[in-house]
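Single-structure report; data block below.
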Amino acid sequence: MTDRIFIGGGGDGYSEAQSLLLKYANRHGLIAGATGTGKTVTLQILAESFSAQGVPVFLSDVKGDLSGLGAAGRADFKLHDAFMERAGTIAFSDYAYTSFPVTFWDLYGEAGHPVRTTISEMGPLLLARLLELTEAQEGILNIAFRVADEQGLGLLDLKDLQALLVWVGQHRQELSLRYGNVSTASIGAIQRRLLVLETQGGENLFGEPALELNDIMRTDVDGRGRINILAADELMGSPRLYATFLLWLLSELFEVLPEVGDPDKPKLVFFFDEAHLLFDDAPKALVDKVEQVARLIRSKGVGVYFITQNPADVPEDILGQLGNRVQHALRAFTAKDRRELRQAAENYRDNPRFDTEDAIREVGVGEAVTSLLERKGIPGVAERTLIRPPSSQLGPLDTATRASLIAASPIAGKYETEIDRESAFEVLQARAAEAAQEAEVAEEKADEEESPAVREYQTGRRYSGNRVGRSSSRTQSSPAPTRSRPRSRSDSVGTAFAKSFARQLGTQSGRAVVRGILGGLFRGR
């Protein structure tokens, strides 16, 4: 164990060894570069290095290549000679092939352990982002969450939220008096977006058992950190679902983990691949929340590393918090590309030995311009660096090897069986059935309480026609006896709601559920 991880460097025309100090690894980082310049390999060697230092890692496998972390590299691999030559060039004397402890996750439960959360833990802000709701629709979603919190309705999966929205629509008049206008058109739009999400496989994300964060922060028996790999090749077909899930996981880590100050090494390193998906068309309120999480989560011992093609994909306020940077080549084919290249170069401390802008344009595959935090957190000068070769297998695992690793996982069987306990759907269904039964009983009781005169009058009308009227002058001159109108089902439900609503007004402050910075629940409330 050392206090740093080796990134690369050395060789003619290159810097000396470039290392990332573990003490500053939670100051976040950026891996950027055009397609095919080596970002995935850089991500792989960073994951290996953190694991070797006992730091758990969470990353998403967008291309399906990173599963190879679970197997050692092989001497018969076609790039073996190139790897060995690179190791010699950068004086990487400890280079050897080895595998790393991995845990595979998959929202669809096919290529890894199922990973789920609940609707309540996702919260209205992230859910509105996932569903692409308008401001008015997001407002109604917030009303639904407030009602669920106040009435103790568990929102676990999509059918719970769908049932709650139906209930909100049925009682929109009463809710509008307290919360503002609740329109059926907006409720219908949310329901349609939920249907789209369901057809895209989003229902797999919501349910129980929900992910326990301790399961992504495990170390192996030999002290190495486990590398959690989220299968994202299929998930990328729903990019908004992908980005929202990773942002939810990041917010959960922020809410749950305790403050640790400046640890000697991170408690967890979180890699956010295809980071532009997080910020594309994101409202300013959400970007501000992400910035706040990124700024504060490092005190929880979590390092966040964004991987994207261009640094311009990351908002300026967030980019300024990314102290450790590995910039692979950027191509400048248009005027816009040249401006972005110049802007990327301006984010580095100048090195008098070369022009940073030219270096970013000229570095080859497997090379990068790096700037890593030095002592006291000072950004290092820009350096041209040969990235070290990976020790694990380059490329995906075969299906059989992957399946054996999943079966041998320490959490095997924990998340595979879905649980459907009583929640909002079942509670509201039971309430509706109870209200219908109450209405039926009330109507029968009203029938039984009718006066004898009413029964005599109705019997005469039913069996004698107008003969009753003709044979009795009293009947002709007297009005028909009045009958109390039986209560309808809607009257019963409305009365019950009004009573419970009044009770809620008095006890709301004592039972309100506390939500976190991005709308998720505080688990420890």
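Letters A, B, ... go to the chains of the structure tokens in the order shown; residues in each chain start at 1; ligands are counted from 1 in the same order.
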All helix (DSSP H, G or I) positions in stretch 270-479 of chain A, as a ChimeraX atom specification: /A:276-279,284-300,311-313,316-319,335-345,356-362,375-377,399-407,424-448,452-464,467-471,473-477
All strand (DSSP E or B) positions in stretch 106-290 of chain A, as a list in words: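 Assigned to strand (DSSP E or B), within stretch 106-290 of chain A: Asp106, His113, Pro114, Thr117, Phe206, Glu208, Thr219, Gly225, Ile227, Asn228, Ile229, Leu230, Ala231, Leu268, Val269, Phe270, Phe271 and Phe272 of chain A.
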Can you spit out the residues from that selection as an mmCIF file, in the first residue's frame, using N, CA, C and O atoms?
```
data_model
loop_
_atom_site.group_PDB
_atom_site.id
_atom_site.type_symbol
_atom_site.label_atom_id
_atom_site.label_comp_id
_atom_site.auth_asym_id
_atom_site.auth_seq_id
_atom_site.Cartn_x
_atom_site.Cartn_y
_atom_site.Cartn_z
ATOM 1 N N ASP A 106 -27.361 -4.900 -12.863
ATOM 2 C CA ASP A 106 -28.112 -4.657 -14.093
ATOM 3 C C ASP A 106 -29.546 -4.283 -13.720
ATOM 4 O O ASP A 106 -30.216 -5.010 -12.988
ATOM 5 N N HIS A 113 -26.764 -8.599 -10.873
ATOM 6 C CA HIS A 113 -27.781 -8.575 -9.828
ATOM 7 C C HIS A 113 -28.759 -7.426 -10.094
ATOM 8 O O HIS A 113 -28.336 -6.323 -10.467
ATOM 9 N N PRO A 114 -30.054 -7.653 -9.897
ATOM 10 C CA PRO A 114 -31.014 -6.558 -10.085
ATOM 11 C C PRO A 114 -30.719 -5.411 -9.123
ATOM 12 O O PRO A 114 -30.342 -5.638 -7.973
ATOM 13 N N THR A 117 -34.666 0.797 -6.688
ATOM 14 C CA THR A 117 -34.964 1.766 -5.653
ATOM 15 C C THR A 117 -36.484 1.884 -5.595
ATOM 16 O O THR A 117 -37.196 1.226 -6.343
ATOM 17 N N PHE A 206 -37.933 0.276 -10.165
ATOM 18 C CA PHE A 206 -38.693 0.599 -8.966
ATOM 19 C C PHE A 206 -39.281 -0.654 -8.326
ATOM 20 O O PHE A 206 -39.959 -1.444 -8.977
ATOM 21 N N GLU A 208 -38.909 -3.469 -4.593
ATOM 22 C CA GLU A 208 -38.104 -3.972 -3.477
ATOM 23 C C GLU A 208 -37.699 -5.421 -3.744
ATOM 24 O O GLU A 208 -38.376 -6.127 -4.506
ATOM 25 N N THR A 219 -15.339 -4.481 0.565
ATOM 26 C CA THR A 219 -13.973 -4.870 0.228
ATOM 27 C C THR A 219 -13.901 -6.390 0.224
ATOM 28 O O THR A 219 -14.684 -7.060 0.895
ATOM 29 N N GLY A 225 -10.712 -3.313 -2.760
ATOM 30 C CA GLY A 225 -12.070 -2.806 -2.930
ATOM 31 C C GLY A 225 -12.775 -3.499 -4.076
ATOM 32 O O GLY A 225 -12.171 -3.761 -5.127
ATOM 33 N N ILE A 227 -15.104 -3.791 -7.244
ATOM 34 C CA ILE A 227 -15.456 -2.910 -8.357
ATOM 35 C C ILE A 227 -16.876 -3.256 -8.800
ATOM 36 O O ILE A 227 -17.139 -4.355 -9.305
ATOM 37 N N ASN A 228 -17.802 -2.344 -8.583
ATOM 38 C CA ASN A 228 -19.204 -2.534 -8.961
ATOM 39 C C ASN A 228 -19.386 -2.063 -10.398
ATOM 40 O O ASN A 228 -19.126 -0.899 -10.717
ATOM 41 N N ILE A 229 -19.845 -2.962 -11.257
ATOM 42 C CA ILE A 229 -19.982 -2.667 -12.683
ATOM 43 C C ILE A 229 -21.464 -2.726 -13.055
ATOM 44 O O ILE A 229 -22.093 -3.785 -12.983
ATOM 45 N N LEU A 230 -22.013 -1.594 -13.436
ATOM 46 C CA LEU A 230 -23.408 -1.528 -13.880
ATOM 47 C C LEU A 230 -23.464 -1.785 -15.379
ATOM 48 O O LEU A 230 -22.863 -1.040 -16.168
ATOM 49 N N ALA A 231 -24.158 -2.826 -15.792
ATOM 50 C CA ALA A 231 -24.329 -3.112 -17.221
ATOM 51 C C ALA A 231 -25.195 -2.018 -17.835
ATOM 52 O O ALA A 231 -26.381 -1.901 -17.517
ATOM 53 N N LEU A 268 -15.216 5.662 -1.325
ATOM 54 C CA LEU A 268 -15.785 5.140 -2.561
ATOM 55 C C LEU A 268 -15.420 6.095 -3.686
ATOM 56 O O LEU A 268 -15.363 7.311 -3.488
ATOM 57 N N VAL A 269 -15.154 5.540 -4.864
ATOM 58 C CA VAL A 269 -14.950 6.366 -6.065
ATOM 59 C C VAL A 269 -16.051 6.026 -7.061
ATOM 60 O O VAL A 269 -16.289 4.858 -7.376
ATOM 61 N N PHE A 270 -16.698 7.052 -7.559
ATOM 62 C CA PHE A 270 -17.890 6.929 -8.404
ATOM 63 C C PHE A 270 -17.549 7.503 -9.779
ATOM 64 O O PHE A 270 -17.204 8.680 -9.894
ATOM 65 N N PHE A 271 -17.615 6.673 -10.816
ATOM 66 C CA PHE A 271 -17.349 7.122 -12.180
ATOM 67 C C PHE A 271 -18.665 7.318 -12.920
ATOM 68 O O PHE A 271 -19.483 6.401 -13.004
ATOM 69 N N PHE A 272 -18.852 8.516 -13.473
ATOM 70 C CA PHE A 272 -20.081 8.872 -14.181
ATOM 71 C C PHE A 272 -19.756 8.966 -15.667
ATOM 72 O O PHE A 272 -19.363 10.018 -16.168
#
```
Residue nearest A:Val293 - candidates A:Glu374, A:Asp355, A:Glu252, A:Asp215, atoms counted: only C-alpha atoms: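 Looking only at the distances to A:Val293, the closest residue turns out to be A:Glu252.
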Among the residues A:Ser299, A:Ser404, A:Thr2, A:Gln200, the one that comes closest to A:Leu130 [using only C-alpha atoms]: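 Distance minimum relative to A:Leu130 lands on A:Gln200.
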Long-range neighbours of A:Arg375 as a list in words, 10 Å cut-off, only C-alpha atoms, 5 positions minimum in chain: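 Non-adjacent residues within range: Leu21, Lys23, Tyr24 and Gly380 of chain A.
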Could the residues of stretch 211-312 of chain A that have an atom at most 10 Å from stretch 329-332 of chain A be listed as a tab-separated table, each with its closest atom pair and the distance in Å to one decimal, counting only C-alpha atoms and ordered by chain and ascending residue number?
```
residue	atom	partner	partner_atom	distance
A:Gln309	CA	A:Leu330	CA	8.1
A:Asn310	CA	A:Leu330	CA	7.5
A:Pro311	CA	A:Leu330	CA	9.9
```
Spatial neighbours of A:Phe104, max dist 12 Å, only C-alpha atoms, sep filter under 4 positions, as a PyMOL selection string: chain A and resi 57-61+64+66-70+108-115+215-216+226-232+397+401-412
Selected residue, from A:Arg86, A:Lys300, A:Arg349, A:Arg146, that lies nearest to A:Leu175 when counting only C-alpha atoms: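 Using only C-alpha atoms, the shortest distance to A:Leu175 belongs to A:Arg146.
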Neighbour list for A:Val314 as a list in words, cut-off 8 Å, only C-alpha atoms, skip fewer than 2 positions in-chain: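 The residues that qualify are Ala275, His276, Phe279, Pro311, Ala312, Glu316, Ile318 and Leu319 of chain A.
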Test item: residues at most 7 Å from A:Ser392, only C-alpha atoms, excluding those fewer than 5 positions along its chain, as a PyMOL selection string: chain A and resi 68-69+71-73+97-99
For stretch 386-389 of chain A: contacts at 9 Å, only C-alpha atoms, fewer than 4 positions along chain excluded, given as a ChimeraX atom specification: /A:6-11,14-15,38,41-42,45,82-84,86-87,89-90,92,95,366-369
Nearest-residue call for A:Asp3, choices A:Asp222, A:Pro263, A:Gln292, A:Lys445, using only C-alpha atoms: A:Pro263
Output as JSON lines one row per residue of stretch 140-239 of chain A within 8 Å of stretch 131-134 of chain A: the closest atom pair and its distance in Å to one decimal place, counting only C-alpha atoms, sorted by chain and residue number ascending.
```
{"residue": "A:Ile190", "atom": "CA", "partner": "A:Leu133", "partner_atom": "CA", "distance": 7.3}
{"residue": "A:Arg193", "atom": "CA", "partner": "A:Leu131", "partner_atom": "CA", "distance": 5.8}
{"residue": "A:Leu194", "atom": "CA", "partner": "A:Leu131", "partner_atom": "CA", "distance": 7.1}
{"residue": "A:Leu197", "atom": "CA", "partner": "A:Leu131", "partner_atom": "CA", "distance": 7.3}
```
